[in-house]
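The file structure_36.cif comes next; it holds mmCIF, C-alpha atoms.
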data_entry
loop_
_atom_site.label_atom_id
_atom_site.label_comp_id
_atom_site.auth_asym_id
_atom_site.auth_seq_id
_atom_site.Cartn_x
_atom_site.Cartn_y
_atom_site.Cartn_z
CA MET A 1 10.74 -32.65 105.68
CA LYS A 2 13.97 -34.18 104.44
CA ILE A 3 12.17 -35.64 101.43
CA LEU A 4 10.77 -32.23 100.40
CA LEU A 5 14.18 -30.55 100.76
CA SER A 6 15.78 -33.22 98.62
CA ARG A 7 13.18 -32.70 95.92
CA PHE A 8 13.75 -28.94 95.92
CA ARG A 9 17.50 -29.44 95.55
CA LYS A 10 17.00 -31.80 92.61
CA SER A 11 14.70 -29.26 90.92
CA ASP A 12 17.28 -26.48 91.42
CA SER A 13 19.99 -28.65 89.87
CA LYS A 14 17.82 -29.43 86.85
CA GLY A 15 16.99 -25.73 86.39
CA ALA A 16 20.66 -24.73 86.56
CA ALA A 17 21.58 -27.45 84.09
CA LEU A 18 18.87 -26.24 81.72
CA ILE A 19 20.15 -22.66 81.91
CA ILE A 20 23.72 -23.82 81.23
CA VAL A 21 22.57 -25.89 78.25
CA LEU A 22 20.58 -22.96 76.85
CA ALA A 23 23.58 -20.67 77.31
CA PHE A 24 25.76 -23.11 75.37
CA VAL A 25 23.11 -23.33 72.65
CA VAL A 26 22.99 -19.54 72.35
CA LEU A 27 26.78 -19.35 72.28
CA LEU A 28 27.01 -22.12 69.69
CA THR A 29 24.32 -20.44 67.59
CA GLY A 30 26.27 -17.18 67.71
CA LEU A 31 29.45 -18.94 66.66
CA VAL A 32 27.67 -20.69 63.79
CA LEU A 33 26.12 -17.42 62.59
CA ALA A 34 29.49 -15.67 62.83
CA TYR A 35 31.10 -18.51 60.88
CA PHE A 36 28.51 -18.40 58.12
CA SER A 37 28.71 -14.61 57.99
CA ARG A 38 32.50 -14.78 57.68
CA THR A 39 32.42 -17.53 55.07
CA THR A 40 29.82 -15.60 53.06
CA THR A 41 32.06 -12.54 53.08
CA ASP A 42 35.10 -14.64 52.20
CA ARG A 43 33.19 -16.26 49.37
CA GLN A 44 32.18 -12.87 47.98
CA LEU A 45 35.77 -11.67 48.19
CA ALA A 46 37.04 -14.86 46.58
CA LYS A 47 34.52 -14.55 43.75
CA SER A 48 35.43 -10.91 43.24
CA SER A 49 39.12 -11.83 43.14
CA PHE A 50 38.38 -14.68 40.73
CA ASP A 51 36.38 -12.39 38.44
CA ASP A 52 39.15 -9.78 38.51
CA THR A 53 41.74 -12.41 37.64
CA ALA A 54 39.57 -13.82 34.86
CA SER A 55 39.05 -10.32 33.42
CA ASP A 56 42.76 -9.61 33.63
CA LEU A 57 43.61 -12.87 31.87
CA LEU A 58 41.05 -12.11 29.17
CA ALA A 59 42.52 -8.63 28.65
CA ARG A 60 46.05 -10.04 28.50
CA SER A 61 44.96 -12.68 26.01
CA ALA A 62 43.32 -10.01 23.85
CA LEU A 63 46.50 -7.93 23.97
CA ASP A 64 48.64 -10.95 23.08
CA ILE A 65 46.43 -11.76 20.09
CA THR A 66 46.50 -8.17 18.83
CA VAL A 67 50.26 -7.82 19.28
CA SER A 68 50.89 -11.21 17.67
CA ASP A 69 49.13 -9.97 14.53
CA LEU A 70 51.59 -7.07 14.36
CA LYS A 71 54.55 -9.39 14.94
CA GLN A 72 53.31 -11.77 12.26
CA GLU A 73 53.36 -8.92 9.76
CA ILE A 74 57.04 -8.39 10.53
CA ILE A 75 57.76 -12.09 10.00
CA ASN A 76 55.79 -12.13 6.75
CA ASN A 77 57.76 -9.16 5.40
CA PRO A 78 61.46 -9.74 6.17
CA THR A 79 62.49 -7.21 3.53
CA VAL A 80 61.56 -3.70 4.58
CA SER A 81 60.08 -1.46 1.90
CA THR A 82 57.97 1.67 1.72
CA ALA A 83 54.92 -0.56 1.44
CA ASN A 84 55.48 -2.44 4.70
CA VAL A 85 57.58 -0.12 6.85
CA GLN A 86 54.43 0.62 8.85
CA PRO A 87 51.76 -1.81 10.07
CA ALA A 88 48.93 -2.46 7.66
CA ARG A 89 46.12 0.03 8.19
CA TYR A 90 42.50 -1.02 8.22
CA GLY A 91 39.37 0.44 9.71
CA ASP A 92 39.09 4.22 9.33
CA ALA A 93 41.86 5.41 7.03
CA SER A 94 40.82 9.05 7.44
CA ILE A 95 41.79 9.12 11.15
CA PRO A 96 45.44 10.32 11.21
CA ASN A 97 46.72 8.36 14.22
CA LEU A 98 44.57 5.23 13.85
CA ILE A 99 46.37 2.14 12.55
CA ARG A 100 43.55 -0.37 12.82
CA ARG A 101 40.43 -1.32 14.72
CA SER A 102 38.39 -4.47 15.10
CA PHE A 103 35.44 -4.59 12.71
CA SER A 104 33.34 -7.23 11.05
CA GLY A 105 35.11 -8.43 7.91
CA ASP A 106 38.56 -7.20 8.96
CA PRO A 107 41.64 -9.15 7.75
CA THR A 108 41.82 -11.20 10.97
CA GLY A 109 38.49 -12.91 10.26
CA ARG A 110 37.79 -13.08 14.00
CA THR A 111 35.55 -10.07 14.59
CA SER A 112 31.80 -10.31 15.02
CA SER A 113 29.21 -7.94 13.58
CA ILE A 114 28.22 -6.67 17.04
CA SER A 115 29.17 -3.04 17.61
CA THR A 116 30.59 -1.98 20.96
CA THR A 117 28.09 0.89 21.01
CA ALA A 118 25.17 -1.58 21.03
CA ALA A 119 23.78 -2.36 24.48
CA SER A 120 24.52 -5.88 25.71
CA ALA A 121 22.17 -8.12 27.71
CA ASN A 122 23.07 -6.27 30.90
CA GLY A 123 22.58 -2.89 29.23
CA ARG A 124 26.25 -1.97 29.00
CA SER A 125 27.90 -0.38 25.98
CA ILE A 126 30.92 1.75 25.07
CA SER A 127 30.14 5.20 23.74
CA LEU A 128 32.07 6.98 21.01
CA ALA A 129 33.25 9.55 23.55
CA ARG A 130 34.71 6.79 25.71
CA TRP A 131 36.51 5.29 22.74
CA ASN A 132 38.16 8.68 22.29
CA SER A 133 38.83 9.38 25.97
CA HIS A 134 42.54 9.51 25.04
CA TYR A 135 41.83 12.35 22.54
CA LEU A 136 43.94 10.74 19.80
CA VAL A 137 41.05 11.18 17.34
CA PRO A 138 40.00 14.72 16.31
CA ARG A 139 36.99 16.01 18.23
CA LEU A 140 33.58 16.37 16.63
CA ASN A 141 33.17 19.91 17.93
CA PRO A 142 36.62 21.53 18.17
CA SER A 143 35.07 24.94 18.91
CA SER A 144 33.56 23.74 22.19
CA THR A 145 35.47 24.44 25.40
CA ALA A 146 33.39 21.91 27.34
CA THR A 147 35.14 18.68 28.26
CA ASP A 148 33.96 16.44 25.45
CA SER A 149 35.96 13.75 23.67
CA THR A 150 33.27 12.78 21.14
CA PRO A 151 35.21 12.01 17.93
CA VAL A 152 34.55 13.15 14.38
CA LEU A 153 31.77 11.40 12.47
CA SER A 154 34.26 9.52 10.28
CA PHE A 155 35.33 7.46 13.30
CA THR A 156 33.39 4.22 13.71
CA ALA A 157 33.41 2.36 17.01
CA PRO A 158 35.14 -1.05 16.92
CA ASP A 159 33.13 -4.27 16.87
CA TRP A 160 33.39 -7.01 19.48
CA VAL A 161 35.66 -10.03 19.11
CA LEU A 162 33.88 -12.94 20.83
CA LEU A 163 36.03 -15.44 22.72
CA THR A 164 35.22 -19.11 23.22
CA GLY A 165 37.11 -21.92 24.89
CA GLN A 166 38.74 -22.62 21.50
CA GLY A 167 39.66 -18.99 20.82
CA PRO A 168 38.07 -16.07 18.94
CA ALA A 169 35.19 -16.76 16.56
CA PRO A 170 33.13 -14.32 14.45
CA ALA A 171 29.74 -15.97 15.10
CA PRO A 172 29.91 -18.60 17.86
CA PRO A 173 26.87 -20.05 19.66
CA PRO A 174 25.95 -17.72 22.54
CA SER A 175 26.37 -20.53 25.07
CA SER A 176 30.04 -20.98 24.13
CA VAL A 177 31.08 -17.33 24.55
CA ILE A 178 33.26 -16.82 27.63
CA GLY A 179 34.31 -13.22 27.01
CA ARG A 180 34.72 -10.46 24.47
CA TYR A 181 37.12 -7.69 23.57
CA ALA A 182 37.52 -4.93 21.02
CA PHE A 183 40.55 -2.88 20.09
CA ALA A 184 41.83 0.19 18.32
CA VAL A 185 45.57 0.57 17.63
CA TYR A 186 47.05 4.06 17.36
CA ASP A 187 50.45 5.25 16.18
CA GLU A 188 52.07 7.62 18.69
CA GLY A 189 55.45 7.54 16.98
CA GLY A 190 54.88 10.86 15.25
CA LEU A 191 53.45 12.68 18.27
CA LEU A 192 55.30 15.23 20.35
CA ASP A 193 56.71 13.68 23.50
CA MET A 194 55.47 16.04 26.20
CA THR A 195 58.08 14.84 28.68
CA LEU A 196 60.42 17.14 26.73
CA ALA A 197 58.68 19.06 23.92
CA GLY A 198 58.08 22.78 24.20
CA TYR A 199 60.02 25.78 25.43
CA PRO A 200 58.93 28.88 27.36
CA ALA A 201 58.98 32.49 26.22
CA TRP A 202 61.24 34.56 28.48
CA THR A 203 59.36 37.82 27.95
CA GLN A 204 58.42 39.02 31.44
CA SER A 205 60.27 42.06 32.71
CA GLY A 206 62.90 41.82 35.43
CA GLY A 207 65.47 39.23 36.33
CA GLY A 208 69.21 39.48 36.16
CA GLY A 209 72.40 37.57 36.81
CA ASN A 210 75.40 36.65 34.76
CA PRO A 211 75.21 33.60 32.50
CA ASN A 212 77.58 30.74 33.15
CA VAL A 213 80.44 29.98 30.77
CA THR A 214 78.89 26.68 29.74
CA PRO A 215 76.78 25.89 27.90
CA THR A 216 76.49 28.39 25.07
CA PRO A 217 74.28 31.47 25.62
CA TRP A 218 70.52 31.08 25.71
CA PHE A 219 69.81 32.66 22.33
CA THR A 220 72.28 30.32 20.66
CA ASN A 221 70.60 27.35 22.30
CA VAL A 222 67.18 28.40 21.04
CA GLY A 223 68.59 29.11 17.60
CA ARG A 224 69.83 25.56 17.23
CA LYS A 225 66.34 24.08 17.13
CA GLY A 226 68.06 20.73 17.11
CA ILE A 227 66.20 18.84 19.83
CA LEU A 228 62.59 18.17 20.73
CA ALA A 229 62.71 20.62 23.65
CA PHE A 230 62.82 23.47 21.13
CA ALA A 231 59.69 22.37 19.26
CA ASP A 232 57.39 25.35 18.77
CA LEU A 233 54.11 24.29 20.38
CA THR A 234 52.40 27.51 19.29
CA ALA A 235 51.96 25.79 15.91
CA LEU A 236 49.51 23.29 17.43
CA PRO A 237 45.82 24.00 16.73
CA ALA A 238 43.80 24.98 19.80
CA ALA A 239 40.58 25.75 17.92
CA PRO A 240 39.53 25.90 14.26
CA SER A 241 41.11 29.35 13.82
CA THR A 242 43.59 29.65 16.72
CA THR A 243 46.73 27.93 17.95
CA LEU A 244 48.03 27.02 21.39
CA PRO A 245 48.90 30.28 23.19
CA GLN A 246 52.38 30.78 24.59
CA THR A 247 50.99 31.44 28.08
CA GLN A 248 49.65 27.88 28.24
CA ILE A 249 52.94 26.50 26.95
CA ASN A 250 54.70 28.45 29.71
CA SER A 251 52.44 26.74 32.24
CA ILE A 252 53.28 23.30 30.86
CA VAL A 253 57.02 23.96 30.91
CA GLY A 254 56.87 25.71 34.28
CA TRP A 255 55.20 22.71 35.89
CA ARG A 256 57.28 20.09 34.09
CA ASN A 257 60.64 21.87 34.41
CA TYR A 258 60.04 23.58 37.74
CA ALA A 259 63.60 23.16 39.03
CA THR A 260 65.56 23.55 35.79
CA THR A 261 63.75 26.81 34.97
CA GLN A 262 64.30 27.90 38.59
CA GLN A 263 60.68 28.58 39.48
CA THR A 264 60.10 29.78 43.03
CA GLY A 265 56.36 30.25 43.49
CA SER A 266 53.50 27.85 44.11
CA PHE A 267 51.80 29.03 40.93
CA PHE A 268 50.32 25.74 39.82
CA PRO A 269 47.54 25.77 38.77
CA ALA A 270 46.10 29.08 40.02
CA SER A 271 48.63 31.47 38.48
CA ALA A 272 51.34 31.56 35.84
CA PRO A 273 55.02 30.62 36.18
CA THR A 274 57.77 33.22 35.95
CA PHE A 275 59.99 33.55 32.86
CA LYS A 276 61.82 36.88 33.10
CA ILE A 277 63.61 38.13 30.03
CA SER A 278 66.72 39.19 31.94
CA ASP A 279 66.92 36.15 34.21
CA ARG A 280 69.90 34.68 32.42
CA ASN A 281 70.72 32.30 35.27
CA ALA A 282 67.34 30.57 34.93
CA GLN A 283 67.66 30.49 31.15
CA ASP A 284 71.12 29.04 31.38
CA ALA A 285 70.09 26.44 33.98
CA TRP A 286 67.38 25.15 31.67
CA GLY A 287 69.69 25.14 28.66
CA THR A 288 72.34 23.32 30.69
CA SER A 289 69.92 20.54 31.62
CA LEU A 290 69.19 20.00 27.92
CA LEU A 291 72.50 20.53 26.17
CA ASP A 292 75.43 20.51 28.56
CA PHE A 293 77.45 17.29 28.83
CA GLY A 294 80.38 18.99 30.53
CA ASP A 295 83.55 20.40 29.06
CA PRO A 296 85.58 18.51 26.45
CA PRO A 297 87.11 16.01 26.30
CA TYR A 298 83.80 14.24 26.84
CA PRO A 299 83.73 10.92 28.70
CA THR A 300 83.28 7.68 26.82
CA PRO A 301 80.53 6.69 26.59
CA CYS A 302 78.79 10.05 26.58
CA PRO A 303 76.57 10.47 29.67
CA LEU A 304 72.96 9.48 29.09
CA PHE A 305 69.86 10.99 30.68
CA PRO A 306 66.93 8.59 30.10
CA PHE A 307 63.45 10.02 29.64
CA THR A 308 62.29 7.91 32.61
CA SER A 309 64.24 10.17 34.98
CA VAL A 310 64.15 13.86 35.79
CA ASP A 311 66.90 16.33 36.53
CA THR A 312 68.15 16.00 40.11
CA SER A 313 68.43 19.75 40.73
CA THR A 314 65.91 21.46 42.99
CA SER A 315 64.32 24.89 43.31
CA SER A 316 62.39 25.85 46.43
CA SER A 317 62.81 22.21 47.53
CA ARG A 318 61.02 20.95 44.42
CA THR A 319 62.30 18.98 41.44
CA ASP A 320 61.23 18.70 37.83
CA GLN A 321 58.22 16.49 37.17
CA ALA A 322 57.92 13.91 34.41
CA ILE A 323 54.78 13.11 32.43
CA MET A 324 55.06 9.33 32.27
CA THR A 325 51.63 8.21 31.04
CA ARG A 326 48.85 9.55 28.89
CA GLN A 327 46.56 9.59 31.92
CA GLN A 328 48.99 11.99 33.60
CA LEU A 329 49.02 14.14 30.47
CA LEU A 330 45.21 14.26 30.44
CA LYS A 331 45.17 15.17 34.13
CA LEU A 332 47.72 17.94 33.53
CA ARG A 333 45.59 19.30 30.68
CA SER A 334 42.56 19.33 32.95
CA SER A 335 44.48 21.21 35.65
CA LEU A 336 46.13 23.76 33.35
CA GLY A 337 43.15 24.12 31.04
CA PHE A 338 44.94 24.10 27.69
CA SER A 339 42.99 23.08 24.60
CA GLN A 340 41.69 19.53 24.25
CA ASN A 341 42.26 19.80 20.49
CA SER A 342 46.03 19.86 20.97
CA LEU A 343 46.06 16.43 22.63
CA GLN A 344 45.86 14.57 19.32
CA TYR A 345 49.37 15.87 18.58
CA MET A 346 50.81 15.07 22.03
CA GLY A 347 52.26 11.83 23.37
CA THR A 348 54.37 10.67 26.29
CA PHE A 349 56.83 8.02 25.07
CA SER A 350 57.59 8.56 21.39
CA ARG A 351 61.28 9.42 21.88
#
Could the structure of this file be written out as structure tokens, please?
Amino acid sequence: MKILLSRFRKSDSKGAALIIVLAFVVLLTGLVLAYFSRTTTDRQLAKSSFDDTASDLLARSALDITVSDLKQEIINNPTVSTANVQPARYGDASIPNLIRRSFSGDPTGRTSSISTTAASANGRSISLARWNSHYLVPRLNPSSTATDSTPVLSFTAPDWVLLTGQGPAPAPPPSSVIGRYAFAVYDEGGLLDMTLAGYPAWTQSGGGGNPNVTPTPWFTNVGRKGILAFADLTALPAAPSTTLPQTQINSIVGWRNYATTQQTGSFFPASAPTFKISDRNAQDAWGTSLLDFGDPPYPTPCPLFPFTSVDTSTSSSRTDQAIMTRQQLLKLRSSLGFSQNSLQYMGTFSR
């Protein structure tokens, strides 16, 4: 009897030990699977980060090469003349704002004959509409109100510049290519800086209030036409036979200069801002923000208001709003709905 009991106890101990071992195996297997799952995710994230960094470095290198060409022109022409006061133009001379683009046979000697509109091995390409997503090139169909940036037929898409470990090459062996880029350089120096350009028409009925002593009265300010803020945007083409309507200009100025034109409603973008013909206080507040540097004698140096800042005054707890980038300008156009054709005359940092 004692022998049988002893055997049963030994069997129970072995069974318990087996269960414990199996539990440890299951736990260890779970830990190993969790580790491999985590390392796989980390590897994917690391590869994604590496690819992003590599793409960023490639883009920066392409920008450095393109800018260095422009700087080299300055070095090569120390004496400024009418022939070299602007960068050399090549590519599509008929496009007003286009300075140059990459194309096979261009003066750099680096560009391949592969167009960016041609599909690559992975099927990707850059369409003409995407090349003109900034709207700096005139549109193919200016009469269309649909959102379409397809450029005029005279614009040709840039060609690829192929990069190798030794730098750009026009026709390198495919196995040595580590990246590619293409470029188009535009001149925004002659465009209207929409952080300031344009003035409203104070034609709505109503308003009131006495104008302040300084600055000079509103009509005198408008009559000066001496600064960009008094540029007449109604001269900009909106369609083949029409120009930008004043109502749309009012919307631009009302959003941009909300506080300095003393707007009070939440009009944007559903309704129009208010510019009352007799609201001399609002007129004077806007003129003051543009022209008033205080009463003489003026301080030395004269106070400066950089275009990177907005007026600190508020109206209905809101300030003015600056248009700092072209993307913001495009988004504003989409919200307000003014003509896409006018964008080729508008910029954001040409002052």
Which residues are near range 232-245 of chain A? Cut-off 7 Å, all atoms listed in the file, ignore same chain within fewer than 3 positions. Put them as number ranges by chain. A: 142-143, 198, 248-249, 339, 341-342
Extract, using only C-alpha atoms, all DNA, RNA and protein residues at most 8 Å from Thr314 in chain A, discarding same-chain residues fewer than 3 positions from it, and format them as a VMD selection string. chain A and resid 259 to 260 262 317 to 320
Distance CA of Val80 in chain A-CA of Thr348 in chain A, one decimal place? 27.0 Å
Specify as number ranges by chain each residue included when the PyMOL selection byres ((chain A and resi 95) around 10) is applied to this file. A: 91-94, 96-100, 136-138, 151-152, 154-155, 186
How far is it from CA of Pro200 in chain A to CA of Asp279 in chain A, in Å with one decimal?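 These atoms are spaced 12.8 Å apart.
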